[in-house]
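Notes follow the structure.
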Amino acid sequence: MNEMIITMKNVSKIFETEEMETHALKNIDLTIKAGDYISISGPSGCGKSTLLSILGLLDTPTAGEYFIEGVNVAKLSLDQAAEVRNQKIGFVFQSFNLIDELSVFDNVALPLRYRNEALSNAQIKLLVSECLEKVAMNHRVNHKPNQLSGGQQQRIAMARALVCNPTILLVDEPTGNLDSKSGDKVMDILETLNRNGTTICLVTHDPRYADLAKTKLKLLDGSFLQVPGMRAAI
Amino acid sequence: MNQFAYNLKQAWARLKRKPGFIVNVMLSMGVTLGALIFVSTLAYVMLLKPLPYPEQDRLFVIDSSIKLSGKPHYFSKLPPAAILDLYQNQEIFETATISYQDSKILTSDPAAPTKPVEFVTPEWFQIYGVSMMLGRGFEQTEMIGTNNPVAVLSYAIWKNDFKGRKEIVGEKITLGDVSFTVVGVMAKDFILPRVNMLPRNRDVQVILPIDFDRSQQTQALKWNPAPNGVIVGKLKDSYSVVQAEHWLGKRFKNLWQKHAADIRNFNELEITLNLQEFRTQLLGDSKQYVYFLLVAVLGLVIIASTNITNLFLSFTAEQQHQMTVHAALGAKRKSLFKFLFYQTGILVVFSVLLALFIASLGFYFAQHYFQNLLPRLNELSFNLFTFNFSLILIVIFTTVFSFVGSRIINYRKLIAGLQSSGKGVAVQVSKSVRYMLIILQVAVAIALIFINVNLMKEPFNKITQPVVYELEGLMTLWITIKGRNIQDYQDAEKLIPKLRKELSERAEIDILTFSEYPGYHTDVPATDFLIVDGKKHYFKQFQKTKMNNFQFKNVDYQYFESLRWPLLQGKSFSQKNEENQEKVIIVNDAFAREISPEGNVIGKKITLFTDQYSMSHSFYEEEITSGQVEKADYEIIGVVEGLITPSENFVPRRFYLPRLELSSIVECMFRLKENLVLKRETVVSLLNNLDRSFKLIEYEPMIDNYKEFLFPHYTTLVITIAIALLTIFLTSIGIYGILNYSIQVRRFELGTRLAMGAKRKDLVRLILKDNAKAIGFGVLMSLVVLPVIYLLFSDKLAKYINLELLPAFVATLTLIGCIAWMASYLPLRKIINRPAIYSLRGSD
């Protein structure tokens, strides 16, 4: 049996303005095991991105508990959260979020530079090369992001997400800015990665891609429609 | 017109949504343009505006220079006898006038105020085109030798002291001991020529005939240099300046030979008489001051313009969406320029209005506080130049900023952006433009702050320099013994002891001294050595400066005690020393160190001349060994701490002789007992009761007198601090604006870095490292700018170039470093102190 790497209990997120409170997430319970491939889908404004932000420690929950590999991460300081993000979480964004001034190599190497233990240049080169290999982009190592197509940029972003060997890969609408051909290719890579052992949590509103995941969760108005962890029963 | 109003309204509506932007632009531009308008008007009035006198370009002043061995001789001003001769016998001027400035007590007023007066010949009125409010100016009836006691009042004295009474013409006023009939009042708009002003004089208030000047009445003064006398004339068309100078030189040489042959080294004196343009004479050396202000204010304008350019660029970038919609609806490139032009115009007009208000404050302060520092300030006001200059500023700044804003809008891309729903065409201020703006600001700011820090050092040192005696509680009293010649000792011998006794008995007075104010000393001309204990002792220091190698001063026996001026060694003078004119002296520490490095000088004997005239007029090194002048050995009985006056940079070697100064000009200082006052009226009546010959010239606390000497230092300090603070203020908001914008532009990138696990310190380091490049280039550029400024002002700045510059430069760099750090950190705080999602939001 695979070990549980992510556990959320009763997680809520409320956005407050002067006029109103918006309950973006309501009592979310979620468990993700090593090797899972989960898709979270739902209509616009259902809380998908908020959930992904909290999962990725980009935001903090208003209430509830959140454990990554048994450690409670719900109340970490900003710098502690950054450290956990760096070591355990890989992000893939809809708009790739590559840094234009940096080469493909430096973009992929970026998370390695924020590690607590400094790596030698040779180690960095090896890790970057391995990850670019995984996304079949080794031939574009010296290019700048704006010299690449959207699909290629997203593959670079995936290599960057993998470079620190994260516990989980959080993928936010990876095909949103891509044509269908490039989108399909990106999804193929995700599937391959998962087959090779990478845990993936995918947020998408495209049912076609959501169906590719082993576990399909639907979010509506801040709550799951199915109970996660009941996968075996579905 | 309707379209114009509509455009204005729309532009205002767009601006209104960005109050921070409006405040930032208006503050930067308003303050800087205010300074620019003020300094430009000042420069215009001083350097370009014609003088308010008829045919002003034909007016010349006779300037004299008398040198001995290439160095200025103490006798550097023309004596009254020469002035009179040149005036009466001149051939070079169509018309000429002599004038002497002085002050007189308005004795017909019970408060006996001291009034600045000018003694003039009748042509004075013609040459300066004096317009009269009442009565007449001087005519043939007031020519030299007529001794006609009449007076013309300035508008100010007529309004303030005589309540603007029209009947004043024909009435009598008494100045000193002479009663003058008022014959006229000058018009309000007549601007008095402030030429050859006495250092502490304000605008002249009463014009009197030349016959009543002391120099015309006192034989002894006729061949003494007259620093307050001046000849101004309208040069004949038939004379060139060179020809006129030649005539003057010849005439003066003959006269000089006849009357002044007994002056020492007469044959070696190089005398030149120059004709100086009246305007140049009036400006003195204040031109440099104005140029410095212009350079400083242009630096501020550069800093503010870079700041505002950045603000406009980012504001335009933010308006991209609006402009896209306008383009979609058919707005052409020209219309988009107009779109920017109107909103820029509104801001510039408001800023210029604020600038005019700030400039008017500048005019007010300059006229109230800087009158003694710069000439022609009485002409400073809003004029056609200010108006036109402001209009030009509005046009230039509106056009430039609209143009700069429109440059970053790519019209083609705007249309394309519309077709592709705005993706990928975000208008941004490019990184290189931002870098350039930072580099420019840093370079100019460093140059300005560095120069000002250096310029403020000297006045600061002067102001904070401790005074060796105690100023508090010390009063100064300046009296003349009227109607007598200045060197008429007999009256003084009789009257001064009487006055000394009377004042000593006053209950309010603790102790008093009859000596010149501490700032005044007499130079002993050109010497390289002193005779100490019968042997020549050569000076170690200052051998290059032939003149003023040491100074002396006659003081009475209570001088040091009255001033509470401590003795470092030995004792002060005794009454016996003074009464018997004993051969003892007290020296200052600089003098003592010169003759004995260990400072043990008590009991040593210095050979000096015995009579006062030789002491100040004979060349020590020649005369003391020649034996032609009577001399004696003076024993050093005490050493006092050296006094450094506000006009000195080091302590000169000085010695003091125990002698009561006896002349018809009496200076006295006394210390009041604690909590007691002695009013001016009491002093006036005390003097009147004692002897009608006494006339009070001045009575004031010593500290006021001292502060007045410090005044130019205060103004320089205030101006340099103001420029430095303004530079810091503008640079801070400027660099903050640019860095804030660049961090906003990089928000998603920084968010991504946070998502990748970057900690706060990683991002702070990243931003500082990035900005350090631009700041570093700015520093390098300042290293280019500074030598250029130095070359432009080398004569003024030469004395500041030394090793002391290093700490000032390091301090300036530290300051700029702090500003850059703050400007980098503050906008970053918003990103690094919140969860990363806030920076990433909107990136998709």
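If you're wondering about the labels, chains in the structure tokens are A, B, ... by order shown, residues count from 1 in each chain, ligands from 1 in order shown.
Selecting chain B residues within 10 Å of chain A and counting only C-alpha atoms yields Arg746, Phe748, Glu749, Leu750, Gly751, Thr752, Arg753, Leu754, Ala755, Met756, Gly757, Ala758, Lys759, Arg760, Lys761, Asp762, Ile832, Asn833, Arg834, Pro835, Ala836, Ile837, Tyr838, Ser839, Leu840, Arg841, Ser843 and Asp844 of chain B.
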Spatial neighbours of stretch 4-8 of chain B, max dist 10 Å, only C-alpha atoms, sep filter under 5 positions, as number ranges by chain
B: 13-14, 338-339, 341-343, 345-346
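Of note, atom CA of A:Lys9 and atom CA of A:Cys201 are spaced 17.2 Å apart.
When the distance limit is 9 Å and only C-alpha atoms are what count, the residues near B:Asn274, minus those fewer than 2 positions from it on the same chain, are B:Val61, B:Ile62, B:Asp63, B:Ser64, B:Ser65, B:Val241, B:Val242, B:Ala244, B:Glu245, B:His246, B:Leu248, B:Gly249, B:Thr272, B:Gln276.
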Selected residues, all heavy atoms, written as a JSON list (two decimals), in the first residue's frame, please.
[["chain", "number", "residue", "atom", "x", "y", "z"],
["B", 61, "VAL", "N", 32.71, 103.15, -13.30],
["B", 61, "VAL", "CA", 33.21, 103.49, -11.97],
["B", 61, "VAL", "C", 34.73, 103.49, -12.05],
["B", 61, "VAL", "O", 35.31, 102.64, -12.74],
["B", 61, "VAL", "CB", 32.78, 102.40, -10.95],
["B", 61, "VAL", "CG1", 33.30, 102.72, -9.56],
["B", 61, "VAL", "CG2", 31.29, 102.24, -10.94],
["B", 62, "ILE", "N", 35.36, 104.44, -11.36],
["B", 62, "ILE", "CA", 36.83, 104.43, -11.35],
["B", 62, "ILE", "C", 37.27, 103.50, -10.23],
["B", 62, "ILE", "O", 36.89, 103.67, -9.07],
["B", 62, "ILE", "CB", 37.41, 105.85, -11.13],
["B", 62, "ILE", "CG1", 36.96, 106.75, -12.28],
["B", 62, "ILE", "CG2", 38.94, 105.78, -11.03],
["B", 62, "ILE", "CD1", 37.44, 108.19, -12.13],
["B", 63, "ASP", "N", 38.03, 102.49, -10.63],
["B", 63, "ASP", "CA", 38.47, 101.49, -9.67],
["B", 63, "ASP", "C", 39.99, 101.58, -9.56],
["B", 63, "ASP", "O", 40.67, 101.74, -10.56],
["B", 63, "ASP", "CB", 38.07, 100.11, -10.22],
["B", 63, "ASP", "CG", 38.11, 99.07, -9.13],
["B", 63, "ASP", "OD1", 37.85, 99.42, -7.97],
["B", 63, "ASP", "OD2", 38.41, 97.90, -9.45],
["B", 64, "SER", "N", 40.50, 101.49, -8.35],
["B", 64, "SER", "CA", 41.95, 101.65, -8.20],
["B", 64, "SER", "C", 42.56, 100.36, -7.68],
["B", 64, "SER", "O", 41.92, 99.59, -6.97],
["B", 64, "SER", "CB", 42.24, 102.77, -7.22],
["B", 64, "SER", "OG", 41.61, 102.48, -5.99],
["B", 65, "SER", "N", 43.78, 100.14, -8.09],
["B", 65, "SER", "CA", 44.51, 98.99, -7.55],
["B", 65, "SER", "C", 45.93, 99.47, -7.28],
["B", 65, "SER", "O", 46.60, 100.01, -8.15],
["B", 65, "SER", "CB", 44.47, 97.86, -8.57],
["B", 65, "SER", "OG", 45.70, 97.21, -8.63],
["B", 241, "VAL", "N", 37.64, 103.11, -23.45],
["B", 241, "VAL", "CA", 37.98, 102.78, -22.06],
["B", 241, "VAL", "C", 39.50, 102.88, -21.85],
["B", 241, "VAL", "O", 39.97, 103.43, -20.86],
["B", 241, "VAL", "CB", 37.46, 101.36, -21.71],
["B", 241, "VAL", "CG1", 37.98, 100.91, -20.36],
["B", 241, "VAL", "CG2", 35.94, 101.35, -21.71],
["B", 242, "VAL", "N", 40.26, 102.38, -22.83],
["B", 242, "VAL", "CA", 41.72, 102.40, -22.70],
["B", 242, "VAL", "C", 42.24, 103.83, -22.64],
["B", 242, "VAL", "O", 43.07, 104.18, -21.78],
["B", 242, "VAL", "CB", 42.37, 101.63, -23.88],
["B", 242, "VAL", "CG1", 43.89, 101.66, -23.79],
["B", 242, "VAL", "CG2", 41.87, 100.20, -23.90],
["B", 244, "ALA", "N", 40.60, 106.46, -21.72],
["B", 244, "ALA", "CA", 40.17, 107.08, -20.47],
["B", 244, "ALA", "C", 41.04, 106.62, -19.31],
["B", 244, "ALA", "O", 41.44, 107.42, -18.45],
["B", 244, "ALA", "CB", 38.71, 106.73, -20.21],
["B", 245, "GLU", "N", 41.39, 105.32, -19.32],
["B", 245, "GLU", "CA", 42.24, 104.80, -18.24],
["B", 245, "GLU", "C", 43.63, 105.43, -18.30],
["B", 245, "GLU", "O", 44.24, 105.72, -17.27],
["B", 245, "GLU", "CB", 42.34, 103.27, -18.34],
["B", 245, "GLU", "CG", 41.09, 102.58, -17.80],
["B", 245, "GLU", "CD", 41.11, 101.07, -17.93],
["B", 245, "GLU", "OE1", 41.96, 100.55, -18.68],
["B", 245, "GLU", "OE2", 40.26, 100.42, -17.29],
["B", 246, "HIS", "N", 44.10, 105.65, -19.51],
["B", 246, "HIS", "CA", 45.41, 106.28, -19.70],
["B", 246, "HIS", "C", 45.40, 107.69, -19.09],
["B", 246, "HIS", "O", 46.30, 108.09, -18.36],
["B", 246, "HIS", "CB", 45.73, 106.33, -21.20],
["B", 246, "HIS", "CG", 47.06, 106.95, -21.48],
["B", 246, "HIS", "ND1", 48.25, 106.31, -21.21],
["B", 246, "HIS", "CD2", 47.38, 108.17, -21.99],
["B", 246, "HIS", "CE1", 49.24, 107.09, -21.54],
["B", 246, "HIS", "NE2", 48.75, 108.24, -22.01],
["B", 248, "LEU", "N", 43.39, 108.84, -16.82],
["B", 248, "LEU", "CA", 43.25, 108.74, -15.35],
["B", 248, "LEU", "C", 44.59, 108.44, -14.70],
["B", 248, "LEU", "O", 44.97, 109.06, -13.71],
["B", 248, "LEU", "CB", 42.27, 107.61, -15.00],
["B", 248, "LEU", "CG", 40.79, 107.93, -15.15],
["B", 248, "LEU", "CD1", 39.97, 106.65, -15.03],
["B", 248, "LEU", "CD2", 40.36, 108.93, -14.08],
["B", 249, "GLY", "N", 45.30, 107.47, -15.28],
["B", 249, "GLY", "CA", 46.59, 107.06, -14.73],
["B", 249, "GLY", "C", 47.55, 108.24, -14.66],
["B", 249, "GLY", "O", 48.23, 108.44, -13.64],
["B", 272, "THR", "N", 47.40, 101.44, -10.56],
["B", 272, "THR", "CA", 46.63, 101.42, -11.81],
["B", 272, "THR", "C", 45.21, 101.87, -11.49],
["B", 272, "THR", "O", 44.63, 101.48, -10.48],
["B", 272, "THR", "CB", 46.56, 100.01, -12.42],
["B", 272, "THR", "OG1", 46.37, 99.08, -11.36],
["B", 272, "THR", "CG2", 47.78, 99.66, -13.22],
["B", 276, "GLN", "N", 35.71, 100.57, -14.58],
["B", 276, "GLN", "CA", 34.93, 99.34, -14.54],
["B", 276, "GLN", "C", 33.49, 99.67, -14.88],
["B", 276, "GLN", "O", 32.97, 100.69, -14.42],
["B", 276, "GLN", "CB", 35.01, 98.73, -13.14],
["B", 276, "GLN", "CG", 34.67, 97.27, -13.15],
["B", 276, "GLN", "CD", 34.93, 96.64, -11.80],
["B", 276, "GLN", "OE1", 34.80, 97.28, -10.77],
["B", 276, "GLN", "NE2", 35.29, 95.39, -11.81]]
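For the atom pair formed by atom CA of B:Phe397 and atom CA of B:Gly330, the distance is 27.9 Å, given to one decimal.
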